[in-house]
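Engineer: Got a structure for you, questions after.
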Amino acid sequence: MSGQQNVQRPLDALGKATNSPVLIKLKGDREFRGILTSFDLHMNLVLTDAEELKDGEVERRLGTVLIRGDNIVYISP
């Protein structure tokens, strides 16, 4: 049982990333960067100071956005 103490659940990892910068990749090769403000059990995310990226460069600044969890491919803290 001691090996399971190091197991981390996905929502625990998101909790640790709250109020930190994250990179979000969505279906359709869209990427967003911003500060993870909050999330729910469906992995819907709220980002502040969000920017949409294209080829790693800022395409547009969006401010506060809500990203629906079923569109997320990955989240990188």
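The chains in the structure tokens are called A, B, ... from first to last as shown; in each chain the residues are counted from 1, and the ligands are counted from 1 in the order shown.
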Report as JSON lines the residues of segment 20-54 of chain A within 10 Å of segment 58-62 of chain A, each with its shortest atom pair and distance in Å (one decimal), using only C-alpha atoms, ordered by chain and increasing residue number.

Structural biologist:
```
{"residue": "A:Glu31", "atom": "CA", "partner": "A:Val58", "partner_atom": "CA", "distance": 9.7}
{"residue": "A:Phe32", "atom": "CA", "partner": "A:Val58", "partner_atom": "CA", "distance": 9.0}
{"residue": "A:Arg33", "atom": "CA", "partner": "A:Val58", "partner_atom": "CA", "distance": 9.0}
{"residue": "A:Gly34", "atom": "CA", "partner": "A:Leu62", "partner_atom": "CA", "distance": 9.5}
{"residue": "A:Leu47", "atom": "CA", "partner": "A:Leu62", "partner_atom": "CA", "distance": 9.6}
{"residue": "A:Thr48", "atom": "CA", "partner": "A:Leu62", "partner_atom": "CA", "distance": 8.5}
{"residue": "A:Asp49", "atom": "CA", "partner": "A:Leu62", "partner_atom": "CA", "distance": 6.9}
{"residue": "A:Ala50", "atom": "CA", "partner": "A:Leu62", "partner_atom": "CA", "distance": 5.3}
{"residue": "A:Glu51", "atom": "CA", "partner": "A:Arg61", "partner_atom": "CA", "distance": 4.4}
{"residue": "A:Glu52", "atom": "CA", "partner": "A:Arg60", "partner_atom": "CA", "distance": 5.4}
{"residue": "A:Leu53", "atom": "CA", "partner": "A:Val58", "partner_atom": "CA", "distance": 4.6}
{"residue": "A:Lys54", "atom": "CA", "partner": "A:Glu59", "partner_atom": "CA", "distance": 5.9}
```

Engineer: Any chance you could export the current selection's N, CA, C and O atoms as a JSON list (two decimals), in the first residue's frame?

Structural biologist:
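Listing of result_33.json after writing:
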```json
[["chain", "number", "residue", "atom", "x", "y", "z"],
["A", 31, "GLU", "N", -4.11, 26.39, -29.32],
["A", 31, "GLU", "CA", -3.40, 26.46, -28.06],
["A", 31, "GLU", "C", -3.70, 27.77, -27.35],
["A", 31, "GLU", "O", -3.81, 28.82, -28.00],
["A", 32, "PHE", "N", -3.80, 27.69, -26.03],
["A", 32, "PHE", "CA", -4.05, 28.86, -25.21],
["A", 32, "PHE", "C", -3.07, 28.84, -24.04],
["A", 32, "PHE", "O", -2.71, 27.78, -23.54],
["A", 33, "ARG", "N", -2.70, 30.02, -23.60],
["A", 33, "ARG", "CA", -1.82, 30.17, -22.45],
["A", 33, "ARG", "C", -2.46, 31.20, -21.53],
["A", 33, "ARG", "O", -3.01, 32.20, -22.00],
["A", 34, "GLY", "N", -2.40, 30.94, -20.23],
["A", 34, "GLY", "CA", -2.95, 31.88, -19.27],
["A", 34, "GLY", "C", -2.79, 31.38, -17.85],
["A", 34, "GLY", "O", -2.18, 30.33, -17.62],
["A", 47, "LEU", "N", -9.39, 30.61, -17.39],
["A", 47, "LEU", "CA", -8.06, 31.20, -17.49],
["A", 47, "LEU", "C", -8.20, 32.71, -17.48],
["A", 47, "LEU", "O", -9.12, 33.26, -18.10],
["A", 48, "THR", "N", -7.31, 33.39, -16.77],
["A", 48, "THR", "CA", -7.22, 34.84, -16.85],
["A", 48, "THR", "C", -5.94, 35.19, -17.60],
["A", 48, "THR", "O", -5.04, 34.36, -17.71],
["A", 49, "ASP", "N", -5.88, 36.40, -18.12],
["A", 49, "ASP", "CA", -4.74, 36.84, -18.94],
["A", 49, "ASP", "C", -4.47, 35.85, -20.07],
["A", 49, "ASP", "O", -3.32, 35.57, -20.41],
["A", 50, "ALA", "N", -5.54, 35.29, -20.65],
["A", 50, "ALA", "CA", -5.41, 34.25, -21.67],
["A", 50, "ALA", "C", -4.97, 34.83, -23.01],
["A", 50, "ALA", "O", -5.36, 35.95, -23.38],
["A", 51, "GLU", "N", -4.17, 34.05, -23.70],
["A", 51, "GLU", "CA", -3.70, 34.38, -25.04],
["A", 51, "GLU", "C", -3.88, 33.16, -25.93],
["A", 51, "GLU", "O", -3.63, 32.04, -25.50],
["A", 52, "GLU", "N", -4.32, 33.39, -27.16],
["A", 52, "GLU", "CA", -4.37, 32.31, -28.15],
["A", 52, "GLU", "C", -3.04, 32.30, -28.88],
["A", 52, "GLU", "O", -2.55, 33.36, -29.30],
["A", 53, "LEU", "N", -2.46, 31.11, -29.02],
["A", 53, "LEU", "CA", -1.15, 30.98, -29.66],
["A", 53, "LEU", "C", -1.30, 30.30, -31.02],
["A", 53, "LEU", "O", -2.15, 29.43, -31.20],
["A", 54, "LYS", "N", -0.43, 30.70, -31.94],
["A", 54, "LYS", "CA", -0.34, 30.03, -33.24],
["A", 54, "LYS", "C", 1.14, 29.89, -33.54],
["A", 54, "LYS", "O", 1.87, 30.89, -33.57]]
```

Engineer: Env of Leu11 of chain A: 12 Å cut, atoms = only C-alpha atoms, seq-sep filter 5 positions within chain, self excluded. Answer as number ranges by chain.

Structural biologist: A: 16-18, 38-45, 75

Engineer: List the spatial neighbours of Ser20 of chain A as an MDAnalysis selection string - criterion: any atom at most 9 Å away, only C-alpha atoms, same-chain residues fewer than 6 positions off excluded.

Structural biologist: chainID A and resid 34:37 77

Engineer: Take the residues just selected and output them with all heavy atoms as a short mmCIF file (atom, residue, chain, number, x, y, z; two decimals), in the first residue's frame.

Structural biologist:
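Result saved to selection_2.cif:
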```
data_model
loop_
_atom_site.label_atom_id
_atom_site.label_comp_id
_atom_site.auth_asym_id
_atom_site.auth_seq_id
_atom_site.Cartn_x
_atom_site.Cartn_y
_atom_site.Cartn_z
N GLY A 34 -2.40 30.94 -20.23
CA GLY A 34 -2.95 31.88 -19.27
C GLY A 34 -2.79 31.38 -17.85
O GLY A 34 -2.18 30.33 -17.62
N ILE A 35 -3.36 32.11 -16.92
CA ILE A 35 -3.31 31.75 -15.51
C ILE A 35 -4.56 30.92 -15.19
O ILE A 35 -5.68 31.39 -15.39
CB ILE A 35 -3.29 33.01 -14.60
CG1 ILE A 35 -2.16 33.96 -15.01
CG2 ILE A 35 -3.21 32.60 -13.13
CD1 ILE A 35 -0.78 33.38 -14.87
N LEU A 36 -4.36 29.70 -14.71
CA LEU A 36 -5.47 28.84 -14.34
C LEU A 36 -6.11 29.38 -13.05
O LEU A 36 -5.49 29.36 -11.99
CB LEU A 36 -5.00 27.39 -14.12
CG LEU A 36 -6.06 26.40 -13.66
CD1 LEU A 36 -7.16 26.26 -14.71
CD2 LEU A 36 -5.42 25.05 -13.37
N THR A 37 -7.33 29.88 -13.18
CA THR A 37 -8.02 30.48 -12.05
C THR A 37 -8.87 29.46 -11.32
O THR A 37 -8.86 29.40 -10.09
CB THR A 37 -8.90 31.65 -12.51
OG1 THR A 37 -8.07 32.57 -13.20
CG2 THR A 37 -9.56 32.35 -11.35
N PRO A 77 1.48 22.46 -17.02
CA PRO A 77 1.75 23.52 -16.05
C PRO A 77 3.09 24.21 -16.35
O PRO A 77 3.91 23.72 -17.06
CB PRO A 77 1.80 22.81 -14.72
CG PRO A 77 1.85 21.36 -15.00
CD PRO A 77 1.54 21.16 -16.43
#
```

Engineer: Taking the DSSP assignment computed from this structure's backbone, write out as an NGL selection string all residues of chain A that belong to strand (DSSP E).

Structural biologist: :A and (21-26 or 30-39 or 45-54 or 57-67 or 72-76)

Engineer: Hey, can you check how far atom CA of Leu66 of chain A sits from atom CA of Asp29 of chain A?

Structural biologist: 17.4 Å

Engineer: Measuring between only C-alpha atoms, which one of A:Gln8, A:Ser76, A:Thr64, A:Glu57 shows the shortest distance to Leu26 of chain A?

Structural biologist: A:Ser76

Engineer: Figure out the distance between atom CA of Gly56 of chain A and atom CA of Leu14 of chain A, please, to one decimal in Å.

Structural biologist: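 Answer for the atom CA of Leu14 of chain A to atom CA of Gly56 of chain A separation: 22.6 Å.
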
Engineer: Among chain A, which residues does DSSP mark as alpha helix (DSSP H) when it is run on the backbone? Keep the chain and numbering as in the structure and answer as a PyMOL selection string.

Structural biologist: chain A and resi 10-17

Engineer: Have a look at atom CA of Lys25 of chain A and atom CA of Val73 of chain A and let me know their distance in Å, one decimal.

Structural biologist: 5.5 Å
